[in-house]
file final27.cif (mmCIF, C-alpha atoms and all ligand atoms)
data_coords
#
loop_
_atom_site.label_atom_id
_atom_site.label_comp_id
_atom_site.auth_asym_id
_atom_site.auth_seq_id
_atom_site.Cartn_x
_atom_site.Cartn_y
_atom_site.Cartn_z
CA MET X 26 0.00 0.00 0.00
CA ILE X 27 1.26 3.46 -0.91
CA TYR X 28 -0.70 6.03 1.08
CA LEU X 29 -1.32 9.20 -0.95
CA ASP X 30 -4.44 10.45 0.81
CA HIS X 31 -3.04 12.57 3.64
CA ALA X 32 -5.42 15.40 2.72
CA ALA X 33 -8.30 13.09 3.70
CA THR X 34 -6.91 11.74 6.95
CA ALA X 35 -3.58 10.87 8.60
CA HIS X 36 -1.97 7.48 8.17
CA PRO X 37 -0.24 6.25 10.18
CA ARG X 38 -1.54 8.24 13.17
CA HIS X 39 1.16 9.82 15.29
CA PRO X 40 2.96 7.56 17.80
CA GLY X 41 1.08 6.94 21.04
CA VAL X 42 -2.41 7.69 19.70
CA GLU X 43 -3.77 4.17 19.94
CA GLU X 44 -2.36 3.55 23.42
CA ALA X 45 -3.75 6.86 24.71
CA MET X 46 -7.20 6.06 23.35
CA ILE X 47 -7.26 2.64 24.97
CA HIS X 48 -6.05 4.15 28.24
CA ALA X 49 -8.94 6.65 28.09
CA LEU X 50 -11.45 3.86 27.54
CA HIS X 51 -10.31 2.28 30.81
CA LEU X 52 -10.41 5.45 32.93
CA ALA X 53 -13.76 4.84 34.66
CA GLY X 54 -14.82 8.46 34.66
CA SER X 55 -16.03 11.21 32.35
CA VAL X 56 -14.80 14.77 31.80
CA GLY X 57 -16.31 17.27 34.24
CA ARG X 58 -18.77 14.68 35.55
CA GLY X 59 -17.98 14.27 39.22
CA ALA X 60 -14.93 14.84 41.42
CA HIS X 61 -13.69 11.24 41.70
CA GLY X 62 -10.33 10.03 40.46
CA GLY X 63 -11.51 8.87 37.02
CA ALA X 64 -13.33 12.13 36.30
CA GLN X 65 -10.29 14.13 37.39
CA ALA X 66 -7.93 12.09 35.23
CA ALA X 67 -10.26 12.61 32.26
CA SER X 68 -10.39 16.37 32.86
CA GLN X 69 -6.59 16.50 33.04
CA ILE X 70 -6.31 14.89 29.61
CA VAL X 71 -8.68 17.50 28.20
CA ALA X 72 -6.76 20.35 29.86
CA SER X 73 -3.48 18.99 28.51
CA CYS X 74 -4.93 18.70 25.01
CA ARG X 75 -6.07 22.35 25.08
CA GLN X 76 -2.66 23.42 26.41
CA ARG X 77 -0.75 21.53 23.70
CA LEU X 78 -2.97 23.05 21.00
CA ALA X 79 -2.46 26.52 22.42
CA ASP X 80 1.33 26.02 22.53
CA LEU X 81 1.38 24.73 18.97
CA LEU X 82 -0.64 27.64 17.57
CA GLY X 83 0.75 30.58 19.53
CA VAL X 84 -2.36 31.08 21.67
CA PRO X 85 -1.70 32.49 25.18
CA ASP X 86 -4.90 31.18 26.81
CA PRO X 87 -5.71 27.45 26.36
CA GLN X 88 -9.31 28.16 27.39
CA ARG X 89 -9.76 29.67 23.93
CA MET X 90 -9.32 26.22 22.37
CA VAL X 91 -12.69 24.52 21.86
CA LEU X 92 -12.85 20.79 21.11
CA PHE X 93 -15.68 20.38 18.60
CA PRO X 94 -16.44 16.87 17.32
CA SER X 95 -15.15 17.91 13.86
CA SER X 96 -13.93 20.90 11.95
CA THR X 97 -17.26 20.80 10.09
CA LEU X 98 -19.18 21.36 13.33
CA GLY X 99 -16.89 24.23 14.31
CA LEU X 100 -17.42 25.91 10.93
CA SER X 101 -21.18 25.31 11.00
CA THR X 102 -21.40 26.85 14.48
CA ILE X 103 -19.41 29.94 13.56
CA ILE X 104 -20.99 30.55 10.17
CA ALA X 105 -24.50 30.17 11.65
CA ASP X 106 -23.53 32.73 14.28
CA LEU X 107 -22.03 35.20 11.79
CA CYS X 108 -25.17 34.99 9.66
CA ARG X 109 -27.72 35.17 12.47
CA ASP X 110 -30.57 37.67 11.76
CA PRO X 111 -28.87 39.22 8.70
CA GLN X 112 -30.04 42.46 7.15
CA PRO X 113 -31.62 41.94 3.70
CA ASP X 114 -28.51 43.26 1.93
CA ALA X 115 -25.99 41.41 4.12
CA ILE X 116 -23.34 39.32 2.37
CA LEU X 117 -20.55 36.96 3.40
CA TRP X 118 -17.14 36.93 1.68
CA ILE X 119 -15.48 33.57 1.17
CA GLY X 120 -12.53 32.21 -0.82
CA ALA X 121 -12.79 30.76 -4.33
CA LEU X 122 -11.73 27.26 -3.32
CA GLU X 123 -13.81 26.69 -0.19
CA HIS X 124 -14.81 23.24 1.02
CA ASN X 125 -18.49 22.37 1.39
CA ALA X 126 -17.95 22.70 5.16
CA VAL X 127 -17.88 26.47 4.49
CA TRP X 128 -19.94 26.85 1.35
CA ARG X 129 -23.00 24.85 2.36
CA PRO X 130 -23.61 26.48 5.78
CA ALA X 131 -23.04 29.89 4.19
CA VAL X 132 -25.50 29.21 1.38
CA ARG X 133 -28.04 27.76 3.81
CA ALA X 134 -27.85 30.91 5.93
CA LEU X 135 -27.85 33.52 3.17
CA GLY X 136 -28.62 31.92 -0.20
CA GLU X 137 -26.11 31.56 -3.04
CA GLU X 138 -26.43 35.14 -4.27
CA ARG X 139 -25.26 36.62 -1.00
CA VAL X 140 -22.21 34.40 -0.59
CA ARG X 141 -19.55 36.34 -2.50
CA CYS X 142 -16.09 35.36 -3.60
CA LEU X 143 -13.05 37.46 -2.69
CA PRO X 144 -10.97 38.65 -5.67
CA VAL X 145 -8.53 35.89 -6.63
CA ASP X 146 -6.13 34.91 -9.40
CA GLY X 147 -6.53 31.92 -11.74
CA ALA X 148 -5.19 29.53 -9.11
CA GLY X 149 -7.63 30.82 -6.49
CA LEU X 150 -5.06 32.79 -4.53
CA VAL X 151 -6.51 35.95 -2.96
CA ASP X 152 -5.38 38.93 -5.05
CA LEU X 153 -4.19 41.37 -2.40
CA LYS X 154 -4.03 44.33 -4.78
CA ALA X 155 -7.63 43.86 -5.85
CA LEU X 156 -8.60 43.21 -2.23
CA ALA X 157 -7.15 46.56 -1.16
CA GLU X 158 -9.56 48.23 -3.58
CA LEU X 159 -12.57 46.10 -2.69
CA ASN X 160 -15.51 47.77 -0.97
CA PRO X 161 -16.74 45.06 1.43
CA GLY X 162 -20.33 46.36 1.37
CA ALA X 163 -22.74 45.12 4.05
CA ALA X 164 -20.42 42.22 4.91
CA LEU X 165 -20.95 39.97 7.91
CA GLY X 166 -17.37 38.71 7.73
CA VAL X 167 -14.83 36.72 5.73
CA VAL X 168 -14.42 32.93 5.82
CA LEU X 169 -11.25 31.77 4.11
CA GLN X 170 -9.54 28.43 3.76
CA HIS X 171 -5.88 28.46 4.82
CA ALA X 172 -4.74 25.65 2.49
CA SER X 173 -6.69 24.03 -0.33
CA ASN X 174 -7.60 20.36 -0.10
CA VAL X 175 -7.63 20.25 -3.91
CA THR X 176 -4.41 22.02 -4.97
CA GLY X 177 -2.60 22.70 -1.69
CA ILE X 178 -2.36 26.44 -2.35
CA ILE X 179 -1.81 28.47 0.85
CA GLN X 180 -3.71 31.73 1.30
CA PRO X 181 -2.14 34.91 2.73
CA ILE X 182 -4.30 34.89 5.86
CA GLU X 183 -2.21 37.51 7.69
CA GLU X 184 -2.69 40.07 4.90
CA VAL X 185 -6.39 39.23 4.53
CA GLY X 186 -6.69 39.60 8.30
CA ALA X 187 -5.17 43.10 8.11
CA TRP X 188 -7.75 44.03 5.46
CA CYS X 189 -10.53 42.61 7.65
CA GLN X 190 -9.31 44.63 10.61
CA GLN X 191 -9.25 47.78 8.50
CA HIS X 192 -12.92 47.21 7.65
CA SER X 193 -13.92 45.93 11.12
CA LEU X 194 -14.84 42.52 9.72
CA PRO X 195 -14.38 39.21 11.56
CA LEU X 196 -12.05 36.74 9.80
CA VAL X 197 -12.71 33.01 10.16
CA VAL X 198 -10.00 30.69 8.82
CA ASP X 199 -10.61 27.06 7.88
CA GLY X 200 -7.32 25.49 8.93
CA ALA X 201 -8.35 21.86 8.28
CA GLN X 202 -5.56 21.36 5.73
CA SER X 203 -2.88 23.51 7.33
CA ALA X 204 -2.87 22.87 11.09
CA GLY X 205 0.18 20.78 11.88
CA ILE X 206 2.07 21.46 8.65
CA VAL X 207 1.91 25.22 8.03
CA PRO X 208 3.47 27.39 10.76
CA VAL X 209 1.00 29.89 12.26
CA HIS X 210 0.92 32.20 15.24
CA LEU X 211 -2.80 32.76 15.73
CA GLY X 212 -2.43 35.39 18.43
CA ARG X 213 -0.74 37.67 15.87
CA ILE X 214 -3.27 37.57 13.03
CA ASP X 215 -5.26 40.81 12.84
CA GLY X 216 -9.01 40.47 12.54
CA LEU X 217 -8.96 36.72 13.24
CA VAL X 218 -11.90 35.57 15.35
CA ALA X 219 -11.74 31.82 14.73
CA PHE X 220 -9.43 29.16 13.29
CA THR X 221 -10.97 25.70 12.82
CA MET X 222 -8.98 22.47 12.51
CA ALA X 223 -9.36 18.74 11.87
CA GLY X 224 -7.63 16.69 14.56
CA HIS X 225 -7.44 13.63 12.26
CA LYS X 226 -5.50 15.21 9.41
CA HIS X 227 -2.06 16.81 9.81
CA LEU X 228 -2.36 16.99 13.60
CA GLY X 229 -2.04 13.20 13.47
CA GLY X 230 -4.91 12.35 15.83
CA PRO X 231 -8.01 10.17 15.43
CA PRO X 232 -11.30 11.25 13.82
CA GLY X 233 -13.90 12.82 16.10
CA ILE X 234 -12.14 15.97 17.32
CA GLY X 235 -12.14 19.34 15.54
CA PRO X 236 -10.17 21.83 17.61
CA CYS X 237 -11.10 25.47 17.13
CA TYR X 238 -9.43 28.65 18.34
CA LEU X 239 -11.84 31.41 19.33
CA ALA X 240 -10.17 34.80 19.78
CA PRO X 241 -10.59 36.58 23.14
CA GLY X 242 -13.85 38.53 23.14
CA TYR X 243 -15.40 36.50 20.32
CA GLU X 244 -18.31 34.58 21.85
CA PRO X 245 -20.52 33.00 19.17
CA GLN X 246 -23.76 31.24 20.06
CA PRO X 247 -23.35 27.47 20.40
CA LEU X 248 -25.22 25.46 17.79
CA TRP X 249 -26.36 22.91 20.37
CA ILE X 250 -26.64 23.09 24.16
CA GLY X 251 -27.28 20.74 27.05
CA GLY X 252 -25.35 19.46 30.03
CA ASN X 253 -21.66 20.23 30.25
CA GLY X 254 -21.06 19.52 33.94
CA VAL X 255 -20.88 23.24 34.87
CA ASP X 256 -23.58 25.22 36.76
CA SER X 257 -25.95 22.29 36.34
CA ALA X 258 -28.79 23.86 38.38
CA HIS X 259 -29.23 26.72 35.88
CA PRO X 260 -31.60 26.63 32.89
CA THR X 261 -29.02 28.30 30.64
CA ILE X 262 -25.54 27.33 29.51
CA PRO X 263 -22.75 29.25 31.33
CA ALA X 264 -21.61 32.37 29.48
CA GLY X 265 -17.90 31.67 29.24
CA GLY X 266 -15.36 28.92 28.68
CA PRO X 267 -14.90 26.28 26.01
CA GLY X 268 -17.46 23.98 27.67
CA ARG X 269 -20.16 26.26 26.24
CA PHE X 270 -19.56 24.58 22.87
CA GLU X 271 -18.95 21.08 24.22
CA SER X 272 -22.34 20.11 25.67
CA GLY X 273 -22.89 16.38 25.92
CA THR X 274 -20.36 13.79 27.06
CA PRO X 275 -17.07 14.59 25.29
CA ASN X 276 -15.27 12.03 23.12
CA LEU X 277 -12.54 11.34 25.66
CA PRO X 278 -10.74 8.62 23.67
CA GLY X 279 -10.59 11.01 20.72
CA ILE X 280 -9.29 13.87 22.87
CA ALA X 281 -6.74 11.55 24.51
CA GLY X 282 -5.63 10.36 21.07
CA LEU X 283 -5.20 13.94 19.88
CA GLU X 284 -3.36 14.88 23.08
CA ALA X 285 -0.88 12.07 22.41
CA ALA X 286 -0.58 13.01 18.73
CA LEU X 287 0.33 16.59 19.65
CA ARG X 288 3.38 15.36 21.62
CA LYS X 289 5.07 14.65 18.29
CA PHE X 290 5.39 18.37 17.63
CA GLU X 291 7.82 18.67 20.56
CA VAL X 292 10.41 16.73 18.56
CA ASP X 293 9.15 17.47 15.07
CA PRO X 294 8.22 21.17 14.91
CA VAL X 295 5.74 22.45 12.34
CA ALA X 296 8.32 24.68 10.64
CA ALA X 297 10.61 21.69 9.93
CA ARG X 298 7.68 19.61 8.68
CA PHE X 299 6.63 22.44 6.38
CA GLU X 300 10.14 22.60 4.93
CA ALA X 301 10.32 18.83 4.40
CA LEU X 302 6.80 18.63 2.92
CA SER X 303 7.48 21.55 0.57
CA GLN X 304 10.49 19.65 -0.76
CA LEU X 305 8.40 16.50 -1.06
CA ARG X 306 5.79 18.35 -3.11
CA GLN X 307 8.53 19.74 -5.33
CA LEU X 308 9.86 16.21 -5.96
CA TRP X 309 6.42 14.95 -6.92
CA TYR X 310 5.86 17.97 -9.14
CA GLN X 311 9.18 17.46 -10.94
CA SER X 312 8.47 13.76 -11.44
CA LEU X 313 4.93 14.30 -12.77
CA ALA X 314 5.46 17.42 -14.89
CA PRO X 315 7.26 15.63 -17.79
CA LEU X 316 4.32 13.21 -18.36
CA ALA X 317 2.77 14.49 -21.58
CA ALA X 318 -0.75 13.11 -21.03
CA VAL X 319 -0.92 14.16 -17.37
CA GLU X 320 -1.80 17.74 -16.46
CA ILE X 321 -1.11 19.20 -13.03
CA VAL X 322 -4.08 21.52 -12.57
CA GLY X 323 -4.56 24.70 -10.53
CA GLU X 324 -0.88 25.66 -10.49
CA GLY X 325 0.37 28.88 -12.11
CA SER X 326 0.96 30.91 -8.99
CA SER X 327 4.12 31.28 -6.95
CA ALA X 328 2.28 30.79 -3.64
CA ALA X 329 3.55 28.17 -1.20
CA ARG X 330 1.60 24.90 -1.16
CA THR X 331 0.99 21.90 1.02
CA PRO X 332 1.83 18.50 -0.55
CA VAL X 333 -1.38 18.16 -2.53
CA LEU X 334 -1.38 17.91 -6.32
CA ALA X 335 -4.43 17.90 -8.61
CA LEU X 336 -4.03 15.80 -11.76
CA GLN X 337 -6.04 15.10 -14.87
CA VAL X 338 -5.15 12.36 -17.32
CA ALA X 339 -6.24 13.13 -20.89
CA GLY X 340 -9.34 11.17 -21.87
CA ILE X 341 -9.67 9.09 -18.67
CA ALA X 342 -11.99 9.88 -15.76
CA PRO X 343 -10.13 10.61 -12.49
CA GLU X 344 -12.03 7.83 -10.67
CA GLN X 345 -10.86 5.32 -13.26
CA VAL X 346 -7.25 6.49 -13.00
CA ALA X 347 -7.38 6.13 -9.21
CA ALA X 348 -8.81 2.62 -9.48
CA GLU X 349 -6.18 1.50 -12.01
CA LEU X 350 -3.40 3.09 -10.01
CA GLU X 351 -4.43 1.14 -6.94
CA VAL X 352 -4.53 -2.13 -8.88
CA ARG X 353 -1.08 -1.53 -10.40
CA THR X 354 0.78 -0.08 -7.39
CA GLY X 355 -1.41 -0.27 -4.29
CA ALA X 356 -1.55 3.54 -4.25
CA ARG X 357 -4.49 5.02 -2.35
CA CYS X 358 -5.54 8.43 -3.55
CA ARG X 359 -8.87 10.18 -3.82
CA ALA X 360 -10.45 11.16 -7.13
CA GLY X 361 -13.46 13.36 -7.81
CA PHE X 362 -14.54 16.66 -6.29
CA HIS X 363 -13.10 16.29 -2.77
CA CYS X 364 -16.19 18.03 -1.25
CA ALA X 365 -14.96 21.22 -2.89
CA PRO X 366 -17.01 21.92 -6.05
CA LEU X 367 -16.17 25.63 -5.82
CA ALA X 368 -12.47 24.81 -6.18
CA HIS X 369 -13.09 22.58 -9.17
CA ARG X 370 -15.29 25.22 -10.76
CA HIS X 371 -12.51 27.76 -10.32
CA ILE X 372 -9.68 25.64 -11.72
CA GLY X 373 -11.89 24.34 -14.53
CA THR X 374 -12.23 20.69 -13.53
CA LEU X 375 -15.91 20.56 -12.56
CA GLU X 376 -16.87 19.24 -16.01
CA GLY X 377 -14.17 16.57 -16.27
CA GLY X 378 -15.21 14.74 -13.08
CA GLY X 379 -12.79 16.60 -10.85
CA THR X 380 -9.19 15.54 -10.38
CA LEU X 381 -7.00 12.77 -9.12
CA ARG X 382 -5.52 14.03 -5.86
CA ILE X 383 -2.01 13.01 -4.88
CA ALA X 384 -1.42 13.90 -1.23
CA PRO X 385 1.80 12.19 -0.13
CA GLY X 386 3.30 12.15 3.35
CA LEU X 387 6.85 11.95 4.62
CA GLU X 388 6.64 8.17 5.06
CA SER X 389 6.53 7.67 1.27
CA ASP X 390 9.91 7.11 -0.39
CA ASP X 391 11.53 7.77 -3.79
CA LEU X 392 10.88 4.24 -5.01
CA GLN X 393 7.17 4.50 -4.28
CA ARG X 394 7.01 7.84 -6.06
CA GLN X 395 8.70 6.35 -9.10
CA GLN X 396 6.31 3.38 -9.11
CA VAL X 397 3.31 5.70 -9.06
CA VAL X 398 4.73 8.00 -11.74
CA ASP X 399 5.58 5.03 -14.01
CA ALA X 400 2.10 3.57 -13.52
CA LEU X 401 0.49 6.92 -14.32
CA ALA X 402 2.57 7.15 -17.48
CA ALA X 403 1.42 3.66 -18.51
CA ILE X 404 -2.25 4.40 -17.70
CA ALA X 405 -2.10 7.70 -19.60
CA SER X 406 -0.49 6.19 -22.75
CA PRO X 407 -1.50 2.51 -22.89
C1 LIG X 501 -10.40 22.38 3.65
C2 LIG X 501 -11.29 21.53 4.49
N1 LIG X 501 -12.17 22.10 5.32
C3 LIG X 501 -12.98 21.39 6.10
C4 LIG X 501 -12.94 20.01 6.08
C5 LIG X 501 -13.88 19.24 6.95
O1 LIG X 501 -13.18 18.46 7.86
P1 LIG X 501 -13.95 17.30 8.69
O2 LIG X 501 -14.55 16.40 7.63
O3 LIG X 501 -12.87 16.64 9.45
O4 LIG X 501 -14.97 17.95 9.51
C6 LIG X 501 -12.04 19.36 5.24
C7 LIG X 501 -12.00 17.88 5.18
O5 LIG X 501 -11.59 17.28 4.22
C8 LIG X 501 -11.19 20.13 4.43
O6 LIG X 501 -10.31 19.57 3.60
#

call {"tool": "encode", "arguments": {"input": "final27.cif", "output": "structure tokens"}}
result
Amino acid sequence: MIYLDHAATAHPRHPGVEEAMIHALHLAGSVGRGAHGGAQAASQIVASCRQRLADLLGVPDPQRMVLFPSSTLGLSTIIADLCRDPQPDAILWIGALEHNAVWRPAVRALGEERVRCLPVDGAGLVDLKALAELNPGAALGVVLQHASNVTGIIQPIEEVGAWCQQHSLPLVVDGAQSAGIVPVHLGRIDGLVAFTMAGHKHLGGPPGIGPCYLAPGYEPQPLWIGGNGVDSAHPTIPAGGPGRFESGTPNLPGIAGLEAALRKFEVDPVAARFEALSQLRQLWYQSLAPLAAVEIVGEGSSAARTPVLALQVAGIAPEQVAAELEVRTGARCRAGFHCAPLAHRHIGTLEGGGTLRIAPGLESDDLQRQQVVDALAAIASP
């Protein structure tokens, strides 16, 4: 098996994840439910997970790290809050390559017409010159993906944040594809109110946890409420703290798994991973570019990228290429629209059935890359 689907989920998970999850299953206690030993041990795991996330992302207060069950739920919560009771002319600005986790909640709240795309270049990179001249109108905010799950392109979130601040607009960043591999210092991004993540992707944890940074002073309405173990005698959810968004028994094994996964960053810092993964992408690009019948789509911009490449093979549907590639080499990659039809519309691949996505990780070696490239060449020119 050659794993080329890191943009979907991590494999292998970071060291210690499995053991930590099993340990959590045996704890005999639940987070914030009671004062006995098991409950306290569970709460300590949660506190440590928040602390590790805060340290990783440059956040001074770990209480600003919410543990949603997924990045999708974090985004749905925040977008629903931004778009609550909108004026008739209110609009929301988003990027050109957004995932359905952003696009669908935005369209549900406002309708397609009022979800507007920031000015971008042909690759979907925000055009900062055009942005400087943009009149935001009656905007409720900006929701922008940090890195694309289709082409890997990385958006200039700091500069977009400065523009948001200038216009008093909240900036929400979808960091599902960047957290853990693109260095960020969230406390220093102007205008940023929220940064959502997927614990199971480049953070190396299990599915079921979507950490989210909420900036100090930004207190959206939770999407769901119920018991969270705090102020239980009151009819309303307490006003502050991350527990406000975590009603219901938390997924302790998932949180414990993520907590263990985050330990890896102590010995393998994000900046070094970014460097190594940028080189890896370059190697894949150089190996694939000479193949005449294979097009690498959505490039054409000098922006930095995560190791995600979007391919089309002339005359063959991406799904078919993926299936043949797996038969020939054992490679696992995802073909189609990757839950991001906006991105495919922008790079011109909506009609052709999307793309074949190659998302390698550092465990893949030169020989595996060569096997995949040779197989693609054979599939493209039988
Ligand atoms: C850019 C982007 N945003 C959001 C999501 C949603 O993440 P999850 O499915 O873990 O909630 C994904 C998942 O693929 C993604 O790639």

call {"tool": "residues_around", "arguments": {"input": "final27.cif", "residues": "region 244-256 of chain X", "least_positions_apart": "4", "cutoff": "6 Å", "atoms": "only C-alpha atoms", "output": "list of chain:residue names"}}
result
X:Gly57, X:Arg58, X:Thr102, X:Asp106, X:Phe270, X:Ser272, X:Gly273

call {"tool": "atom_distance", "arguments": {"input": "final27.cif", "atom1": "CA of Pro208 (chain X)", "atom2": "CA of Gly120 (chain X)"}}
result
20.3 Å

call {"tool": "closest_atom_pairs", "arguments": {"input": "final27.cif", "of": "chain X", "to": "ligand LIG 501 (chain X)", "cutoff": "6 Å", "atoms": "only C-alpha atoms and all ligand atoms", "output": "JSON lines"}}
result
{"residue": "X:Ala33", "atom": "CA", "partner": "X:LIG501", "partner_atom": "O5", "distance": 5.4}
{"residue": "X:Ser95", "atom": "CA", "partner": "X:LIG501", "partner_atom": "O4", "distance": 4.4}
{"residue": "X:Ser96", "atom": "CA", "partner": "X:LIG501", "partner_atom": "O4", "distance": 4.0}
{"residue": "X:Thr97", "atom": "CA", "partner": "X:LIG501", "partner_atom": "O4", "distance": 3.7}
{"residue": "X:His124", "atom": "CA", "partner": "X:LIG501", "partner_atom": "N1", "distance": 5.2}
{"residue": "X:Ala126", "atom": "CA", "partner": "X:LIG501", "partner_atom": "C3", "distance": 5.2}
{"residue": "X:Ser173", "atom": "CA", "partner": "X:LIG501", "partner_atom": "C1", "distance": 5.7}
{"residue": "X:Asn174", "atom": "CA", "partner": "X:LIG501", "partner_atom": "O6", "distance": 4.7}
{"residue": "X:Asp199", "atom": "CA", "partner": "X:LIG501", "partner_atom": "N1", "distance": 5.8}
{"residue": "X:Ala201", "atom": "CA", "partner": "X:LIG501", "partner_atom": "C2", "distance": 4.8}
{"residue": "X:Gln202", "atom": "CA", "partner": "X:LIG501", "partner_atom": "C1", "distance": 5.4}
{"residue": "X:Ala223", "atom": "CA", "partner": "X:LIG501", "partner_atom": "O3", "distance": 4.8}

call {"tool": "closest_residue", "arguments": {"input": "final27.cif", "among": "X:Val292, X:Ala240, X:Leu336, X:Leu305", "to": "Gly83 (chain X)", "atoms": "all atoms listed in the file"}}
result
X:Ala240

call {"tool": "residues_near_point", "arguments": {"input": "final27.cif", "point": "(-2.0, 16.0, 25.1)", "cutoff": "6 Å", "atoms": "all atoms listed in the file", "output": "VMD selection string"}}
result
chain X and resid 73 to 74 77 284 to 285 287

call {"tool": "atom_distance", "arguments": {"input": "final27.cif", "atom1": "CA of Gly41 (chain X)", "atom2": "CA of Pro278 (chain X)"}}
result
12.2 Å

call {"tool": "residues_around", "arguments": {"input": "final27.cif", "residues": "region 399-403 of chain X", "least_positions_apart": "5", "cutoff": "12 Å", "atoms": "all atoms listed in the file", "output": "ChimeraX atom specification"}}
result
/X:312-320,336-339,341,343,345-356,381,383,392-394

call {"tool": "build_atoms", "arguments": {"input": "final27.cif", "residues": "region 129-140 of chain X", "atoms": "N, CA, C and O atoms", "output": "PDB file, in the coordinates of the input"}}
result
ATOM      1  N   ARG X 129     -21.613  25.259   2.107  1.00  0.00           N
ATOM      2  CA  ARG X 129     -23.000  24.850   2.360  1.00  0.00           C
ATOM      3  C   ARG X 129     -23.638  25.583   3.539  1.00  0.00           C
ATOM      4  O   ARG X 129     -24.766  26.070   3.412  1.00  0.00           O
ATOM      5  N   PRO X 130     -22.971  25.697   4.702  1.00  0.00           N
ATOM      6  CA  PRO X 130     -23.610  26.480   5.780  1.00  0.00           C
ATOM      7  C   PRO X 130     -23.820  27.943   5.406  1.00  0.00           C
ATOM      8  O   PRO X 130     -24.815  28.550   5.798  1.00  0.00           O
ATOM      9  N   ALA X 131     -22.889  28.483   4.599  1.00  0.00           N
ATOM     10  CA  ALA X 131     -23.040  29.890   4.190  1.00  0.00           C
ATOM     11  C   ALA X 131     -24.242  30.048   3.278  1.00  0.00           C
ATOM     12  O   ALA X 131     -25.063  30.963   3.450  1.00  0.00           O
ATOM     13  N   VAL X 132     -24.378  29.127   2.323  1.00  0.00           N
ATOM     14  CA  VAL X 132     -25.500  29.210   1.380  1.00  0.00           C
ATOM     15  C   VAL X 132     -26.824  28.946   2.116  1.00  0.00           C
ATOM     16  O   VAL X 132     -27.832  29.601   1.858  1.00  0.00           O
ATOM     17  N   ARG X 133     -26.801  28.023   3.061  1.00  0.00           N
ATOM     18  CA  ARG X 133     -28.040  27.760   3.810  1.00  0.00           C
ATOM     19  C   ARG X 133     -28.488  29.012   4.572  1.00  0.00           C
ATOM     20  O   ARG X 133     -29.670  29.329   4.651  1.00  0.00           O
ATOM     21  N   ALA X 134     -27.505  29.731   5.116  1.00  0.00           N
ATOM     22  CA  ALA X 134     -27.850  30.910   5.930  1.00  0.00           C
ATOM     23  C   ALA X 134     -28.286  32.096   5.079  1.00  0.00           C
ATOM     24  O   ALA X 134     -29.183  32.843   5.473  1.00  0.00           O
ATOM     25  N   LEU X 135     -27.650  32.280   3.907  1.00  0.00           N
ATOM     26  CA  LEU X 135     -27.850  33.520   3.170  1.00  0.00           C
ATOM     27  C   LEU X 135     -28.390  33.344   1.752  1.00  0.00           C
ATOM     28  O   LEU X 135     -28.813  34.315   1.127  1.00  0.00           O
ATOM     29  N   GLY X 136     -28.295  32.126   1.221  1.00  0.00           N
ATOM     30  CA  GLY X 136     -28.620  31.920  -0.200  1.00  0.00           C
ATOM     31  C   GLY X 136     -27.380  32.157  -1.043  1.00  0.00           C
ATOM     32  O   GLY X 136     -26.493  32.928  -0.655  1.00  0.00           O
ATOM     33  N   GLU X 137     -27.327  31.516  -2.215  1.00  0.00           N
ATOM     34  CA  GLU X 137     -26.110  31.560  -3.040  1.00  0.00           C
ATOM     35  C   GLU X 137     -25.701  32.967  -3.445  1.00  0.00           C
ATOM     36  O   GLU X 137     -24.524  33.310  -3.465  1.00  0.00           O
ATOM     37  N   GLU X 138     -26.701  33.785  -3.760  1.00  0.00           N
ATOM     38  CA  GLU X 138     -26.430  35.140  -4.270  1.00  0.00           C
ATOM     39  C   GLU X 138     -25.633  35.988  -3.283  1.00  0.00           C
ATOM     40  O   GLU X 138     -24.865  36.851  -3.667  1.00  0.00           O
ATOM     41  N   ARG X 139     -25.872  35.739  -2.009  1.00  0.00           N
ATOM     42  CA  ARG X 139     -25.260  36.620  -1.000  1.00  0.00           C
ATOM     43  C   ARG X 139     -23.963  36.042  -0.429  1.00  0.00           C
ATOM     44  O   ARG X 139     -23.398  36.590   0.506  1.00  0.00           O
ATOM     45  N   VAL X 140     -23.514  34.943  -0.980  1.00  0.00           N
ATOM     46  CA  VAL X 140     -22.210  34.400  -0.590  1.00  0.00           C
ATOM     47  C   VAL X 140     -21.254  34.779  -1.718  1.00  0.00           C
ATOM     48  O   VAL X 140     -21.338  34.269  -2.829  1.00  0.00           O
TER      49      VAL X 140
END
